[in-house]
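Peer 1: Take a look at this one; I'll ask things after.
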Amino acid sequence: MKKSFLIIFSFFISISSFSQKDSIVNYLDKSYHKIAKERATYIQTIVKKDTLWLATVYFGNGKMKLQGHFKNKNLKTKTGLFKTFNDKGNLKTTQVYNSEGKKDGKYNYYSNNGKVMTVGTFQNGKEVGEWIYLDENLTRRAQIIFKDGKVLNHNLWDDQGSEIKEELVLLKVPEYNEGSRKLRIKLKNELIRDLRKKGLKTNFLLKCEIGKEGNVQNISIVPKLESKYEEQIITYFANLKGFQPGIIANMKVVYPLELPFILK
């Protein structure tokens, strides 16, 4: 991981060297807090553009994670168009912010192949009007009408296009059945303990997805570890049971998850 960040950092030198006053490079943890370079999950650049400040966050592999403008370099107030991306470089969301830093304008959520799956509008920070939700096959699954951020009405369809009558579940993130605290204890007493016994001293970030049936899938590790450690970690999570899947507009969805592991 250290090597990969040094490579990326050398690229950013060209950005920051033209003016120390007009450009900043930060190293961030998973929650976007500043951290030492050796422990960083992301790299952030902040560059002055006319009267605004353009902030860009990069994954460890150099791909852009998010980008948008702020009114000041303290990054307190977003303004204009913001974009987010997945670690493959594919566009995931677009959102417009007004001069007060509130969501104001069209919101789009994209599939991995660039198709719009969710589209709606914010007005002064609140959902308004018609929002449409599609599944991976681009089949309409929900139509929700908002006013001032509150749901006025909704219509739902199954994956065959037949209307269904259910209470609306707008958003539910994946959960471990026994709670996040029990999950942390389980990982500490099982996986982390065994990795330390085998000599692993490297901090790492586990990236995965919680599938529609609550299974853990598409597991990867940053930075790359010795194969004996990676195999143990991947096998452990592939066999880890007890997750409830994420839900968006009554659809079970594949939901990304990142877990940082601190071993030193």
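Residues in the structure tokens are numbered from 1 in each chain, the chains being A, B, ... in the order shown, and ligands are numbered from 1 in the order shown.
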Which polymer residues have any atom within 6 Å of an atom of A:Thr56, counting only C-alpha atoms, with same-chain residues fewer than 4 positions away left out, as a ChimeraX atom specification?
Peer 2: /A:44-45,66-67
Peer 1: With a cut-off of 7 Å, could you pull out the residues of stretch 86-196 of chain A touching stretch 240-252 of chain A and give me the nearest pair of atoms for each, distance in Å to one decimal, using only C-alpha atoms, ordered by chain and ascending number, as JSON lines?
Peer 2:
{"residue": "A:Ala142", "atom": "CA", "partner": "A:Ala249", "partner_atom": "CA", "distance": 6.3}
{"residue": "A:Leu168", "atom": "CA", "partner": "A:Asn250", "partner_atom": "CA", "distance": 6.4}
{"residue": "A:Val169", "atom": "CA", "partner": "A:Asn250", "partner_atom": "CA", "distance": 5.1}
{"residue": "A:Leu170", "atom": "CA", "partner": "A:Ala249", "partner_atom": "CA", "distance": 4.4}
{"residue": "A:Leu171", "atom": "CA", "partner": "A:Ile248", "partner_atom": "CA", "distance": 4.7}
{"residue": "A:Lys172", "atom": "CA", "partner": "A:Ile247", "partner_atom": "CA", "distance": 4.9}
{"residue": "A:Val173", "atom": "CA", "partner": "A:Gly246", "partner_atom": "CA", "distance": 4.5}
{"residue": "A:Pro174", "atom": "CA", "partner": "A:Gly246", "partner_atom": "CA", "distance": 4.3}
{"residue": "A:Glu175", "atom": "CA", "partner": "A:Gln244", "partner_atom": "CA", "distance": 5.2}
{"residue": "A:Tyr176", "atom": "CA", "partner": "A:Phe243", "partner_atom": "CA", "distance": 4.4}
{"residue": "A:Asn177", "atom": "CA", "partner": "A:Gly242", "partner_atom": "CA", "distance": 5.4}
Peer 1: Write the residues you've just listed into a file as an mmCIF file, in the first residue's frame, and include N, CA and C atoms for each of them.
Peer 2:
data_model
loop_
_atom_site.group_PDB
_atom_site.id
_atom_site.type_symbol
_atom_site.label_atom_id
_atom_site.label_comp_id
_atom_site.auth_asym_id
_atom_site.auth_seq_id
_atom_site.Cartn_x
_atom_site.Cartn_y
_atom_site.Cartn_z
ATOM 1 N N ALA A 142 -40.176 1.303 -8.654
ATOM 2 C CA ALA A 142 -40.844 2.203 -7.704
ATOM 3 C C ALA A 142 -40.998 3.594 -8.299
ATOM 4 N N LEU A 168 -43.934 1.091 2.193
ATOM 5 C CA LEU A 168 -42.692 1.550 1.580
ATOM 6 C C LEU A 168 -41.518 1.450 2.552
ATOM 7 N N VAL A 169 -40.435 0.830 2.079
ATOM 8 C CA VAL A 169 -39.142 0.851 2.772
ATOM 9 C C VAL A 169 -38.200 1.627 1.867
ATOM 10 N N LEU A 170 -37.981 2.881 2.184
ATOM 11 C CA LEU A 170 -37.218 3.747 1.290
ATOM 12 C C LEU A 170 -35.739 3.392 1.278
ATOM 13 N N LEU A 171 -35.152 3.201 2.447
ATOM 14 C CA LEU A 171 -33.725 2.853 2.538
ATOM 15 C C LEU A 171 -33.455 2.074 3.808
ATOM 16 N N LYS A 172 -32.759 0.970 3.646
ATOM 17 C CA LYS A 172 -32.317 0.173 4.787
ATOM 18 C C LYS A 172 -30.940 -0.378 4.447
ATOM 19 N N VAL A 173 -29.928 0.031 5.201
ATOM 20 C CA VAL A 173 -28.563 -0.431 4.935
ATOM 21 C C VAL A 173 -28.395 -1.842 5.492
ATOM 22 N N PRO A 174 -27.446 -2.608 4.962
ATOM 23 C CA PRO A 174 -27.224 -3.963 5.490
ATOM 24 C C PRO A 174 -26.893 -3.933 6.979
ATOM 25 N N GLU A 175 -27.354 -4.937 7.701
ATOM 26 C CA GLU A 175 -27.104 -5.023 9.134
ATOM 27 C C GLU A 175 -26.693 -6.439 9.498
ATOM 28 N N TYR A 176 -25.804 -6.537 10.468
ATOM 29 C CA TYR A 176 -25.481 -7.831 11.057
ATOM 30 C C TYR A 176 -26.568 -8.160 12.068
ATOM 31 N N ASN A 177 -27.098 -9.369 12.017
ATOM 32 C CA ASN A 177 -28.265 -9.735 12.836
ATOM 33 C C ASN A 177 -28.073 -9.447 14.320
#
Peer 1: Write out as a list in words the residues lying within 8 Å of A:Asn203, counting only C-alpha atoms and excluding same-chain residues fewer than 6 positions away.
Peer 2: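 In the requested form, the answer reads Arg39, Pro260, Phe261, Ile262, Leu263 and Lys264 of chain A.
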Peer 1: So that I can check the surroundings of A:Lys126, please list as a PyMOL selection string every protein, DNA and RNA residue that reaches within 6 Å of it, counting only C-alpha atoms and ignoring chain neighbours fewer than 2 positions away.
Peer 2: chain A and resi 122-124+148-149
Peer 1: Can you pull out every residue within 10 Å of A:Gly125, counting only C-alpha atoms, but drop anything in the same chain fewer than 5 positions away, and send it as a list of chain:residue names?
Peer 2: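 Counting only the stated atoms, we get A:Tyr97, A:Asn98, A:Glu100, A:Gly101, A:Lys102, A:Lys103, A:Asp104, A:Gly105, A:Asp148, A:Gly149.
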Peer 1: Residues of the last selection are to be written out with C-alpha atoms, as a PDB file, in the first residue's frame.
Peer 2:
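Full text of result.pdb as output:
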ATOM      1  CA  TYR A  97     -25.812  21.889  -4.556  1.00  0.00           C
ATOM      2  CA  ASN A  98     -26.955  25.495  -4.184  1.00  0.00           C
ATOM      3  CA  GLU A 100     -25.913  27.521   0.721  1.00  0.00           C
ATOM      4  CA  GLY A 101     -24.555  23.998   0.409  1.00  0.00           C
ATOM      5  CA  LYS A 102     -27.933  22.287   0.203  1.00  0.00           C
ATOM      6  CA  LYS A 103     -28.931  19.693  -2.389  1.00  0.00           C
ATOM      7  CA  ASP A 104     -30.847  21.582  -5.029  1.00  0.00           C
ATOM      8  CA  GLY A 105     -31.495  20.080  -8.456  1.00  0.00           C
ATOM      9  CA  ASP A 148     -40.744  18.915   1.208  1.00  0.00           C
ATOM     10  CA  GLY A 149     -38.868  15.663   1.839  1.00  0.00           C
TER      11      GLY A 149
END
Peer 1: Leaving out A:Lys71 and any residue of its chain fewer than 4 positions from it, which residues lie within 10 Å of it when counting only C-alpha atoms, given as an mmCIF file with N, CA, C and O atoms, in the first residue's frame?
Peer 2:
data_model
loop_
_atom_site.group_PDB
_atom_site.id
_atom_site.type_symbol
_atom_site.label_atom_id
_atom_site.label_comp_id
_atom_site.auth_asym_id
_atom_site.auth_seq_id
_atom_site.Cartn_x
_atom_site.Cartn_y
_atom_site.Cartn_z
ATOM 1 N N LYS A 48 -7.467 25.718 -5.814
ATOM 2 C CA LYS A 48 -8.295 26.902 -6.009
ATOM 3 C C LYS A 48 -8.588 27.096 -7.488
ATOM 4 O O LYS A 48 -7.689 27.064 -8.327
ATOM 5 N N THR A 51 -12.885 31.657 -7.792
ATOM 6 C CA THR A 51 -13.269 31.990 -6.413
ATOM 7 C C THR A 51 -13.652 30.756 -5.600
ATOM 8 O O THR A 51 -13.960 30.865 -4.412
ATOM 9 N N LEU A 52 -13.628 29.571 -6.237
ATOM 10 C CA LEU A 52 -14.027 28.340 -5.567
ATOM 11 C C LEU A 52 -12.825 27.423 -5.360
ATOM 12 O O LEU A 52 -11.728 27.672 -5.870
ATOM 13 N N TRP A 53 -13.066 26.347 -4.593
ATOM 14 C CA TRP A 53 -12.026 25.356 -4.331
ATOM 15 C C TRP A 53 -12.517 23.992 -4.816
ATOM 16 O O TRP A 53 -13.561 23.515 -4.388
ATOM 17 N N LEU A 54 -11.747 23.406 -5.735
ATOM 18 C CA LEU A 54 -12.098 22.104 -6.293
ATOM 19 C C LEU A 54 -11.447 21.006 -5.454
ATOM 20 O O LEU A 54 -10.215 20.931 -5.357
ATOM 21 N N LEU A 75 -13.734 23.515 3.099
ATOM 22 C CA LEU A 75 -14.659 22.511 2.558
ATOM 23 C C LEU A 75 -15.937 22.366 3.378
ATOM 24 O O LEU A 75 -16.484 21.269 3.516
ATOM 25 N N LYS A 76 -16.441 23.465 3.878
ATOM 26 C CA LYS A 76 -17.668 23.419 4.677
ATOM 27 C C LYS A 76 -18.927 23.521 3.823
ATOM 28 O O LYS A 76 -19.965 22.971 4.171
ATOM 29 N N THR A 77 -18.839 24.238 2.694
ATOM 30 C CA THR A 77 -20.043 24.496 1.899
ATOM 31 C C THR A 77 -19.852 24.028 0.461
ATOM 32 O O THR A 77 -19.090 24.630 -0.295
ATOM 33 N N LYS A 78 -20.569 22.967 0.090
ATOM 34 C CA LYS A 78 -20.541 22.485 -1.288
ATOM 35 C C LYS A 78 -21.311 23.443 -2.183
ATOM 36 O O LYS A 78 -22.262 24.096 -1.743
ATOM 37 N N THR A 79 -20.936 23.491 -3.459
ATOM 38 C CA THR A 79 -21.687 24.297 -4.416
ATOM 39 C C THR A 79 -21.491 23.745 -5.821
ATOM 40 O O THR A 79 -20.406 23.270 -6.165
ATOM 41 N N GLY A 80 -22.562 23.745 -6.611
ATOM 42 C CA GLY A 80 -22.460 23.242 -7.974
ATOM 43 C C GLY A 80 -22.581 21.731 -8.051
ATOM 44 O O GLY A 80 -23.106 21.069 -7.157
ATOM 45 N N SER A 99 -25.948 27.577 -3.452
ATOM 46 C CA SER A 99 -24.898 28.405 -2.848
ATOM 47 C C SER A 99 -24.849 28.286 -1.331
ATOM 48 O O SER A 99 -23.869 28.691 -0.701
ATOM 49 N N GLU A 100 -25.892 27.725 -0.730
ATOM 50 C CA GLU A 100 -25.913 27.521 0.721
ATOM 51 C C GLU A 100 -25.453 26.124 1.109
ATOM 52 O O GLU A 100 -25.490 25.754 2.288
ATOM 53 N N GLY A 101 -25.053 25.333 0.123
ATOM 54 C CA GLY A 101 -24.555 23.998 0.409
ATOM 55 C C GLY A 101 -25.631 22.952 0.556
ATOM 56 O O GLY A 101 -25.366 21.849 1.043
#
Peer 1: Return the single residue from A:Tyr107, A:Phe59, A:Phe85, A:Tyr236 that is closest to A:Val222, with distances computed using only C-alpha atoms.
Peer 2: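 That would be A:Phe59, the residue with the smallest distance to A:Val222.
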Peer 1: Would you compute the distance between atom CA of A:Met64 and atom CA of A:Lys83? Give it in Å to one decimal.
Peer 2: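 Separation between atom CA of A:Met64 and atom CA of A:Lys83: 9.6 Å.
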Peer 1: Using only C-alpha atoms, determine which residues lie at most 8 Å from A:Thr94, disregarding the query and same-chain residues fewer than 4 positions distant; provide the list as a ChimeraX atom specification.
Peer 2: /A:81-84,106-109
Peer 1: To one decimal place in Å, what is the distance between atom CA of A:Tyr133 and atom CA of A:Thr118?
Peer 2: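 Here the two named atoms are 4.6 Å from each other.
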